[in-house]
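K.L.:
Dropping in entry-v3.cif, which is mmCIF, C-alpha atoms and all ligand atoms:
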```
data_start
#
loop_
_atom_site.label_atom_id
_atom_site.label_comp_id
_atom_site.auth_asym_id
_atom_site.auth_seq_id
_atom_site.Cartn_x
_atom_site.Cartn_y
_atom_site.Cartn_z
CA MET R 393 -33.25 58.08 -13.04
CA LYS R 394 -31.17 59.10 -10.08
CA SER R 395 -33.67 57.62 -7.60
CA ALA R 396 -33.86 54.35 -9.54
CA VAL R 397 -30.08 53.98 -9.23
CA LEU R 398 -30.23 54.72 -5.53
CA LEU R 399 -33.01 52.21 -4.99
CA ALA R 400 -31.46 49.42 -7.04
CA PRO R 401 -29.02 48.17 -4.37
CA LEU R 402 -31.80 48.27 -1.78
CA ALA R 403 -34.07 46.19 -4.00
CA VAL R 404 -31.27 43.66 -4.55
CA SER R 405 -30.49 43.39 -0.84
CA ILE R 406 -34.15 42.88 0.08
CA ALA R 407 -34.54 40.22 -2.60
CA SER R 408 -31.42 38.33 -1.57
CA ALA R 409 -32.15 38.59 2.15
CA SER R 410 -35.54 36.93 1.72
CA PRO R 411 -35.47 34.56 -1.21
CA HIS R 412 -38.21 32.24 0.08
CA PHE R 413 -40.65 34.47 1.87
CA GLY R 414 -41.22 37.71 0.06
CA HIS R 415 -44.89 36.89 -0.55
CA GLY R 416 -46.31 36.49 2.94
CA SER R 417 -49.96 37.41 3.09
CA VAL R 418 -53.04 36.08 4.84
CA SER R 419 -54.65 35.31 1.47
CA ASN R 420 -51.66 33.41 0.07
CA TRP R 421 -51.67 29.88 1.57
CA LYS R 422 -50.03 26.70 0.39
CA PRO R 423 -49.73 23.61 2.58
CA ALA R 424 -46.38 21.93 3.14
CA GLY R 425 -45.05 19.75 0.35
CA PRO R 426 -43.18 16.48 0.99
CA ASN R 427 -39.80 18.22 1.40
CA ASP R 428 -41.01 21.11 3.57
CA PHE R 429 -40.30 21.02 7.30
CA ARG R 430 -43.18 21.50 9.72
CA GLY R 431 -43.19 20.93 13.46
CA PRO R 432 -44.98 21.11 16.79
CA CYS R 433 -45.89 24.83 16.66
CA PRO R 434 -49.16 25.37 14.81
CA MET R 435 -48.44 29.09 14.44
CA LEU R 436 -44.95 28.77 12.94
CA ASN R 437 -46.36 26.11 10.58
CA THR R 438 -49.16 28.53 9.65
CA LEU R 439 -46.70 31.36 9.04
CA ALA R 440 -44.69 29.08 6.73
CA ASN R 441 -47.85 27.97 4.91
CA HIS R 442 -48.63 31.65 4.27
CA GLU R 443 -44.96 32.35 3.36
CA PHE R 444 -44.46 34.84 6.16
CA LEU R 445 -41.69 32.37 7.05
CA PRO R 446 -39.68 30.34 4.51
CA HIS R 447 -42.14 27.84 3.04
CA ASP R 448 -39.62 25.02 3.37
CA GLY R 449 -39.48 25.52 7.17
CA ARG R 450 -35.70 25.84 7.19
CA ASP R 451 -33.41 28.76 8.05
CA ILE R 452 -35.73 30.44 10.57
CA THR R 453 -33.50 33.38 11.53
CA LYS R 454 -34.17 36.15 14.02
CA ASN R 455 -34.96 38.57 11.19
CA ALA R 456 -37.37 36.06 9.67
CA VAL R 457 -39.20 35.65 13.00
CA ILE R 458 -39.38 39.40 13.57
CA ARG R 459 -40.68 40.03 10.05
CA ALA R 460 -43.25 37.24 10.28
CA LEU R 461 -44.62 38.03 13.74
CA THR R 462 -44.77 41.79 13.15
CA SER R 463 -46.34 41.64 9.70
CA ALA R 464 -48.76 38.72 10.18
CA LEU R 465 -49.79 39.19 13.84
CA ASN R 466 -48.78 42.76 14.71
CA PHE R 467 -46.36 41.60 17.40
CA ASN R 468 -44.00 44.15 18.89
CA ALA R 469 -40.59 43.58 17.23
CA THR R 470 -38.86 43.52 20.63
CA LEU R 471 -41.21 40.76 21.77
CA ALA R 472 -40.61 38.77 18.57
CA SER R 473 -36.85 39.15 19.05
CA LEU R 474 -37.11 37.96 22.65
CA MET R 475 -39.10 34.91 21.56
CA PHE R 476 -36.43 34.02 19.02
CA ASP R 477 -33.72 34.38 21.71
CA MET R 478 -35.61 31.96 23.94
CA ALA R 479 -36.09 29.48 21.10
CA ILE R 480 -32.59 29.38 19.60
CA VAL R 481 -31.50 26.68 22.11
CA ALA R 482 -33.52 24.37 19.86
CA ASN R 483 -30.58 24.35 17.44
CA PRO R 484 -27.79 22.41 19.21
CA GLU R 485 -24.98 24.09 17.22
CA PRO R 486 -22.98 26.61 19.27
CA ASN R 487 -23.85 30.23 18.42
CA ALA R 488 -26.61 29.10 16.07
CA THR R 489 -28.30 31.87 14.07
CA PHE R 490 -31.35 29.91 12.87
CA PHE R 491 -33.55 26.96 13.70
CA THR R 492 -35.73 24.72 11.55
CA LEU R 493 -39.40 23.96 12.16
CA SER R 494 -38.95 20.22 12.45
CA ASP R 495 -35.61 18.66 13.35
CA HIS R 496 -34.85 21.44 15.87
CA LEU R 497 -38.29 22.24 17.31
CA ASN R 498 -39.24 18.55 17.51
CA ARG R 499 -36.40 17.76 19.93
CA HIS R 500 -38.21 16.27 22.90
CA ASN R 501 -37.87 18.04 26.26
CA VAL R 502 -35.97 20.98 24.77
CA LEU R 503 -38.90 23.23 23.77
CA GLU R 504 -41.23 20.42 22.74
CA HIS R 505 -42.95 18.94 25.79
CA ASP R 506 -45.53 16.44 26.95
CA ALA R 507 -49.26 17.15 27.35
CA SER R 508 -49.61 19.34 24.25
CA LEU R 509 -53.08 20.49 23.29
CA SER R 510 -53.03 18.88 19.85
CA ARG R 511 -50.02 16.59 19.61
CA SER R 512 -49.22 13.18 21.12
CA ASP R 513 -46.56 12.79 23.77
CA ALA R 514 -43.28 11.60 22.25
CA PHE R 515 -43.64 8.39 24.29
CA PHE R 516 -46.74 7.42 22.27
CA GLY R 517 -45.42 8.31 18.82
CA ASN R 518 -45.31 11.43 16.63
CA ASN R 519 -44.84 14.47 18.91
CA HIS R 520 -45.26 17.16 16.26
CA ILE R 521 -48.04 16.38 13.79
CA PHE R 522 -51.59 17.56 14.49
CA ASN R 523 -53.54 14.71 16.10
CA GLU R 524 -57.35 14.92 16.14
CA THR R 525 -57.65 12.28 18.89
CA ILE R 526 -55.47 14.33 21.22
CA PHE R 527 -57.14 17.57 20.19
CA SER R 528 -60.55 16.10 21.08
CA GLU R 529 -59.29 15.51 24.66
CA THR R 530 -58.62 19.25 24.86
CA ARG R 531 -61.78 20.31 23.04
CA ALA R 532 -63.98 18.33 25.44
CA TYR R 533 -63.42 21.25 27.84
CA TRP R 534 -64.12 23.98 25.26
CA THR R 535 -67.78 23.96 26.25
CA ASP R 536 -69.03 27.14 24.59
CA ALA R 537 -68.75 28.87 21.21
CA VAL R 538 -66.70 31.56 22.95
CA LEU R 539 -63.73 30.18 24.88
CA ASN R 540 -62.73 31.77 28.18
CA VAL R 541 -59.63 31.30 30.31
CA ASP R 542 -61.36 28.65 32.47
CA MET R 543 -62.10 26.45 29.44
CA LEU R 544 -58.56 26.92 28.12
CA ALA R 545 -57.10 26.11 31.54
CA ASN R 546 -59.35 23.06 31.96
CA GLY R 547 -58.22 21.65 28.60
CA LYS R 548 -54.59 22.17 29.56
CA ILE R 549 -54.94 20.43 32.95
CA ALA R 550 -56.91 17.57 31.39
CA ARG R 551 -54.10 16.89 28.94
CA GLN R 552 -51.58 16.92 31.79
CA ILE R 553 -53.64 14.49 33.86
CA SER R 554 -53.96 12.19 30.83
CA SER R 555 -50.20 12.25 30.29
CA LYS R 556 -49.35 11.90 33.97
CA ALA R 557 -51.70 8.92 34.27
CA PHE R 558 -50.71 6.99 31.14
CA ASN R 559 -47.24 8.15 30.03
CA PRO R 560 -44.60 6.61 32.34
CA THR R 561 -42.05 9.17 31.05
CA TYR R 562 -44.34 12.18 31.67
CA THR R 563 -42.13 15.24 32.15
CA PHE R 564 -43.37 18.75 32.89
CA THR R 565 -40.88 21.11 34.53
CA ALA R 566 -41.56 24.58 35.93
CA MET R 567 -39.98 26.03 32.80
CA MET R 568 -42.24 23.93 30.57
CA GLU R 569 -45.20 25.25 32.55
CA GLN R 570 -44.23 28.82 31.61
CA PHE R 571 -43.95 27.91 27.91
CA SER R 572 -47.18 25.90 28.11
CA LEU R 573 -49.10 28.83 29.62
CA GLY R 574 -47.85 30.99 26.74
CA GLU R 575 -49.01 28.38 24.23
CA VAL R 576 -52.45 28.08 25.80
CA ALA R 577 -52.71 31.89 25.81
CA ALA R 578 -51.53 32.13 22.19
CA PRO R 579 -54.91 31.63 20.49
CA VAL R 580 -56.34 34.47 22.58
CA ILE R 581 -53.41 36.68 21.61
CA ALA R 582 -53.67 35.87 17.90
CA PHE R 583 -57.43 35.54 17.36
CA GLY R 584 -59.20 36.87 20.46
CA ASP R 585 -59.23 39.64 23.03
CA SER R 586 -56.23 39.86 25.33
CA GLN R 587 -58.09 42.13 27.79
CA THR R 588 -60.96 39.72 28.49
CA GLY R 589 -59.19 36.46 27.60
CA LEU R 590 -62.06 35.48 25.26
CA VAL R 591 -61.69 33.94 21.79
CA GLU R 592 -64.13 32.39 19.31
CA ARG R 593 -63.82 28.61 19.42
CA ALA R 594 -64.43 28.24 15.65
CA LEU R 595 -61.37 30.39 14.85
CA VAL R 596 -59.13 28.36 17.15
CA GLU R 597 -60.32 24.99 15.86
CA TYR R 598 -59.92 26.09 12.24
CA PHE R 599 -56.39 27.32 12.96
CA PHE R 600 -55.27 24.10 14.69
CA ARG R 601 -56.80 21.80 12.06
CA ASN R 602 -55.74 23.70 8.92
CA GLU R 603 -52.60 25.60 10.03
CA ARG R 604 -54.08 28.52 8.16
CA PHE R 605 -55.28 31.96 9.25
CA PRO R 606 -59.06 31.87 9.69
CA THR R 607 -59.77 34.72 7.26
CA GLU R 608 -62.64 32.83 5.65
CA LEU R 609 -64.33 32.86 9.08
CA GLY R 610 -63.95 36.63 9.27
CA TRP R 611 -60.70 36.94 11.25
CA THR R 612 -58.43 39.87 10.53
CA LYS R 613 -55.10 40.87 12.07
CA ARG R 614 -55.66 42.78 15.30
CA PRO R 615 -55.16 46.54 14.86
CA GLY R 616 -53.16 47.08 18.08
CA VAL R 617 -49.55 45.98 18.67
CA VAL R 618 -49.17 42.83 20.79
CA ASN R 619 -46.76 43.61 23.62
CA GLN R 620 -45.08 41.34 26.14
CA GLU R 621 -47.46 42.62 28.83
CA ASP R 622 -50.41 41.30 26.77
CA VAL R 623 -48.86 37.84 26.65
CA LEU R 624 -48.05 37.96 30.36
CA ARG R 625 -51.57 39.12 31.24
CA VAL R 626 -53.33 36.31 29.35
CA SER R 627 -50.83 33.69 30.56
CA GLY R 628 -51.39 34.95 34.11
CA MET R 629 -55.17 34.74 33.73
CA ILE R 630 -54.86 31.16 32.48
CA SER R 631 -52.41 30.28 35.24
CA ASN R 632 -54.88 31.59 37.81
CA ALA R 633 -57.68 29.65 36.12
CA THR R 634 -55.77 26.37 36.53
CA SER R 635 -56.52 26.50 40.26
CA LEU R 636 -59.17 23.96 41.27
CA PHE R 637 -60.21 26.02 44.30
CA THR R 638 -63.19 28.37 44.27
CA ASP R 639 -64.56 31.02 46.58
CA SER R 640 -67.10 29.56 48.97
CA ALA R 641 -70.55 29.04 47.44
CA PRO R 642 -73.13 31.57 48.71
CA ALA R 643 -75.20 28.92 50.49
CA THR R 644 -72.28 26.98 51.99
CA SER R 645 -71.75 28.88 55.22
CA ALA R 646 -75.50 28.84 55.99
CA ARG R 647 -75.64 25.06 55.37
CA ARG R 648 -72.62 24.53 57.57
CA ARG R 649 -74.26 26.54 60.39
CA ASP R 650 -77.40 24.36 60.12
CA LEU R 651 -75.33 21.19 60.16
CA HIS R 652 -73.37 22.35 63.18
CA ALA R 653 -76.59 23.43 64.90
CA GLY R 654 -78.00 19.94 64.31
CA MET R 655 -74.91 18.40 65.91
CA GLY R 656 -75.27 20.71 68.86
CA VAL R 657 -72.17 22.84 68.17
C1 LIG R 701 -40.13 32.19 18.05
C2 LIG R 701 -41.41 31.90 17.98
C3 LIG R 701 -42.01 30.57 18.38
C4 LIG R 701 -41.40 29.37 18.61
C5 LIG R 701 -39.92 29.02 18.53
C6 LIG R 701 -42.45 28.43 18.96
C7 LIG R 701 -42.21 27.09 19.26
C8 LIG R 701 -43.18 26.21 19.71
C9 LIG R 701 -42.94 24.85 20.11
C10 LIG R 701 -41.57 24.16 20.13
C11 LIG R 701 -44.12 24.32 20.47
C12 LIG R 701 -44.40 22.89 20.95
C13 LIG R 701 -44.65 22.81 22.40
C14 LIG R 701 -45.34 21.50 22.71
O1 LIG R 701 -44.66 20.47 22.82
O2 LIG R 701 -46.57 21.49 22.80
C15 LIG R 701 -45.12 25.34 20.30
C16 LIG R 701 -46.46 25.18 20.58
C17 LIG R 701 -47.43 26.14 20.35
N1 LIG R 701 -47.23 27.37 19.80
FE1 LIG R 701 -45.47 28.17 19.21
N2 LIG R 701 -43.65 29.06 18.91
C18 LIG R 701 -43.44 30.36 18.57
C19 LIG R 701 -44.40 31.35 18.41
C20 LIG R 701 -45.76 31.15 18.53
C21 LIG R 701 -46.76 32.17 18.34
C22 LIG R 701 -46.47 33.62 17.96
C23 LIG R 701 -47.96 31.59 18.55
C24 LIG R 701 -49.34 32.20 18.48
C25 LIG R 701 -49.61 33.47 18.80
C26 LIG R 701 -47.72 30.20 18.90
C27 LIG R 701 -48.70 29.27 19.18
C28 LIG R 701 -48.45 27.99 19.68
C29 LIG R 701 -49.49 27.11 20.21
C30 LIG R 701 -51.00 27.39 20.26
C31 LIG R 701 -48.85 25.95 20.63
C32 LIG R 701 -49.47 24.73 21.33
C33 LIG R 701 -49.66 23.55 20.42
C34 LIG R 701 -50.20 22.35 21.19
O3 LIG R 701 -50.15 22.34 22.42
O4 LIG R 701 -50.67 21.41 20.54
N3 LIG R 701 -46.37 29.97 18.86
N4 LIG R 701 -44.53 26.47 19.83
C1 LIG R 702 -42.29 47.35 22.14
O1 LIG R 702 -41.76 46.82 23.34
C2 LIG R 702 -40.74 47.62 23.88
C3 LIG R 702 -40.10 46.85 25.03
O2 LIG R 702 -41.08 46.26 25.85
C4 LIG R 702 -41.35 48.96 24.29
O3 LIG R 702 -40.34 49.78 24.83
C5 LIG R 702 -41.97 49.62 23.07
O4 LIG R 702 -42.63 50.81 23.46
C6 LIG R 702 -42.97 48.69 22.40
N1 LIG R 702 -43.45 49.28 21.16
C7 LIG R 702 -44.74 49.43 20.87
C8 LIG R 702 -45.06 49.98 19.51
O5 LIG R 702 -45.64 49.13 21.64
C1 LIG R 703 -19.44 31.34 20.03
O1 LIG R 703 -19.40 32.69 20.46
C2 LIG R 703 -18.51 32.92 21.52
C3 LIG R 703 -18.71 34.33 22.00
O2 LIG R 703 -18.81 35.23 20.93
C4 LIG R 703 -17.07 32.64 21.01
O3 LIG R 703 -16.16 32.85 22.06
C5 LIG R 703 -16.99 31.19 20.54
O4 LIG R 703 -15.74 30.93 19.97
C6 LIG R 703 -18.09 30.90 19.51
N1 LIG R 703 -18.09 29.47 19.23
C7 LIG R 703 -18.12 28.99 17.97
C8 LIG R 703 -18.12 27.50 17.84
O5 LIG R 703 -18.16 29.70 16.99
C1 LIG R 704 -52.78 10.20 17.74
O1 LIG R 704 -52.56 9.99 19.11
C2 LIG R 704 -53.01 8.73 19.59
C3 LIG R 704 -52.81 8.73 21.10
O2 LIG R 704 -51.47 9.05 21.44
C4 LIG R 704 -52.26 7.63 18.89
O3 LIG R 704 -52.72 6.38 19.31
C5 LIG R 704 -52.44 7.78 17.38
O4 LIG R 704 -51.64 6.83 16.71
C6 LIG R 704 -52.06 9.18 16.94
N1 LIG R 704 -52.36 9.35 15.55
C7 LIG R 704 -51.45 9.77 14.67
C8 LIG R 704 -51.94 9.96 13.28
O5 LIG R 704 -50.29 9.99 14.98
C1 LIG R 705 -53.97 36.12 39.44
O1 LIG R 705 -54.41 36.02 40.78
C2 LIG R 705 -53.72 36.87 41.66
C3 LIG R 705 -54.18 36.53 43.09
O2 LIG R 705 -55.58 36.58 43.19
C4 LIG R 705 -54.01 38.32 41.29
O3 LIG R 705 -53.32 39.19 42.15
C5 LIG R 705 -53.55 38.54 39.86
O4 LIG R 705 -53.90 39.85 39.45
C6 LIG R 705 -54.18 37.54 38.93
N1 LIG R 705 -53.56 37.68 37.63
C7 LIG R 705 -54.24 38.01 36.53
C8 LIG R 705 -53.45 38.20 35.30
O5 LIG R 705 -55.45 38.13 36.50
#
```
Show me, as structure tokens, the structure contained in the file I just sent.
P.N.:
Amino acid sequence: MKSAVLLAPLAVSIASASPHFGHGSVSNWKPAGPNDFRGPCPMLNTLANHEFLPHDGRDITKNAVIRALTSALNFNATLASLMFDMAIVANPEPNATFFTLSDHLNRHNVLEHDASLSRSDAFFGNNHIFNETIFSETRAYWTDAVLNVDMLANGKIARQISSKAFNPTYTFTAMMEQFSLGEVAAPVIAFGDSQTGLVERALVEYFFRNERFPTELGWTKRPGVVNQEDVLRVSGMISNATSLFTDSAPATSARRRDLHAGMGV
């Protein structure tokens, strides 16, 4: 009896602190209804679909982000908190304490940027809904059933070349590059191996297309905590893989010697 009384206020405060998202689980999934906000981030949309975040996509507070990223993806709480701090600029109100998945995250050239993997540039239309035509530009470079950092980097660069060539308002600042590298690394962090940078293509495609955790394909939450150093390692590997230079081919120096010999040098 005594313990029930002691626990009652705790139960009330938990219930009132999280009215919309007490039921987050990988098996509980419901797509957005007509009044639910969804935006350009396939993972935040997924977390809302699974009710790790408020299903209506509104009132995304720091606590909500920490709870969602720790419980669904085993993110370090400090990392989740840092990500929220970097994202809160999306809400233009001074001293904002929350953002929404659509009207805030969709704001072009704040966090949302050109050359996304699966969304159109704002110049061409809807910048936040999944677009299979755009996604196929990226997927053309995902040339094996297991993606590596070269394939992920190639898809990223291809989307940038497409935007730079055809979007007269193409914008991609150094800060956007840092966010973009994190986004390209994200599927490896969530569904793959952050030591090797490998991830099963089927899991990533399912996630982008359905905004749902790929449990029916056998995915389970990684056992180890995701730390900032994991994100930085995979982003760094992808950044390196965006270079179009290679080491010299084994035969090249021999060929060059023959050529030079033939020219008498
Ligand atoms: C506070 C947390 C987060 C915020 C505010 C956020 C916000 C965003 C925004 C604004 C974009 C759009 C960028 C663009 O224009 O392409 C985006 C893209 C993306 N995000 Fe998130 N995100 C968060 C966490 C995550 C996490 C934890 C993951 C997965 C581990 C993730 C995966 C992705 C991916 C894969 C994209 C690229 C989508 C594309 O290029 O089509 N995000 N995110
Ligand atoms: C979470 O990250 C913080 C700051 O980087 C670190 O001090 C802490 O040890 C991490 N926790 C875990 C469980 O890895
Ligand atoms: C925002 O916070 C700062 C620092 O705490 C405070 O000085 C300022 O008055 C706040 N602005 C609003 C609009 O609440
Ligand atoms: C997808 O993107 C293409 C290219 O930007 C565009 O023409 C098409 O209208 C978009 N589709 C949707 C459903 O927004
Ligand atoms: C990226 O390349 C640099 C230079 O070769 C190397 O020092 C660094 O370790 C690489 N980063 C990652 C994360 O592999």
K.L.:
Closest to ligand LIG 702 (chain R) among R:Phe429, R:Glu575, R:Asp622, R:Ala550, using only C-alpha atoms and all ligand atoms?
P.N.:
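Smallest separation from ligand LIG 702 (chain R) among the options: R:Asp622.
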K.L.:
Can you measure atom N1 of ligand LIG 704 (chain R) to atom CA of Gly517 of chain R for me? One decimal in Å is fine.
P.N.:
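Distance reported for this atom pair: 7.7 Å.
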K.L.:
Counting only C-alpha atoms, select every polymer residue within 8 Å of (-47.7, 30.6, 6.4) as defined in the file's coordinates, and provide the selection as a PyMOL selection string.
P.N.:
chain R and resi 416-418+420-422+436-445+447+603-604
K.L.:
List as a PyMOL selection string the protein and nucleic acid residues near Ala472 of chain R, meaning an atom at most 8 Å away when only C-alpha atoms are counted, but skip any in the same chain fewer than 3 places from it.
P.N.:
chain R and resi 457-458+461-462+467-469+475-476
K.L.:
Given 3 Å on each side, where is the centre and what are the edge lengths in Å to one decimal of the axis-aligned box enclosing the listed atoms of segment 420-429 of chain R, as lines of an AutoDock Vina configuration file?
P.N.:
```
center_x = -45.7
center_y = 24.9
center_z = 3.7
size_x = 17.9
size_y = 22.9
size_z = 13.2
```
K.L.:
Which neighbours of Asp506 of chain R fall inside 8 Å, counting all atoms listed in the file, when residues of the same chain fewer than 2 positions from it are skipped, and could you give them as a list of chain:residue names?
P.N.:
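What passes the distance filter is R:Asn501, R:Glu504, R:Ser508, R:Ser512, R:Asp513, R:Ala514, R:Gln552, R:Ser555, R:Tyr562, R:Thr563, R:Phe564.
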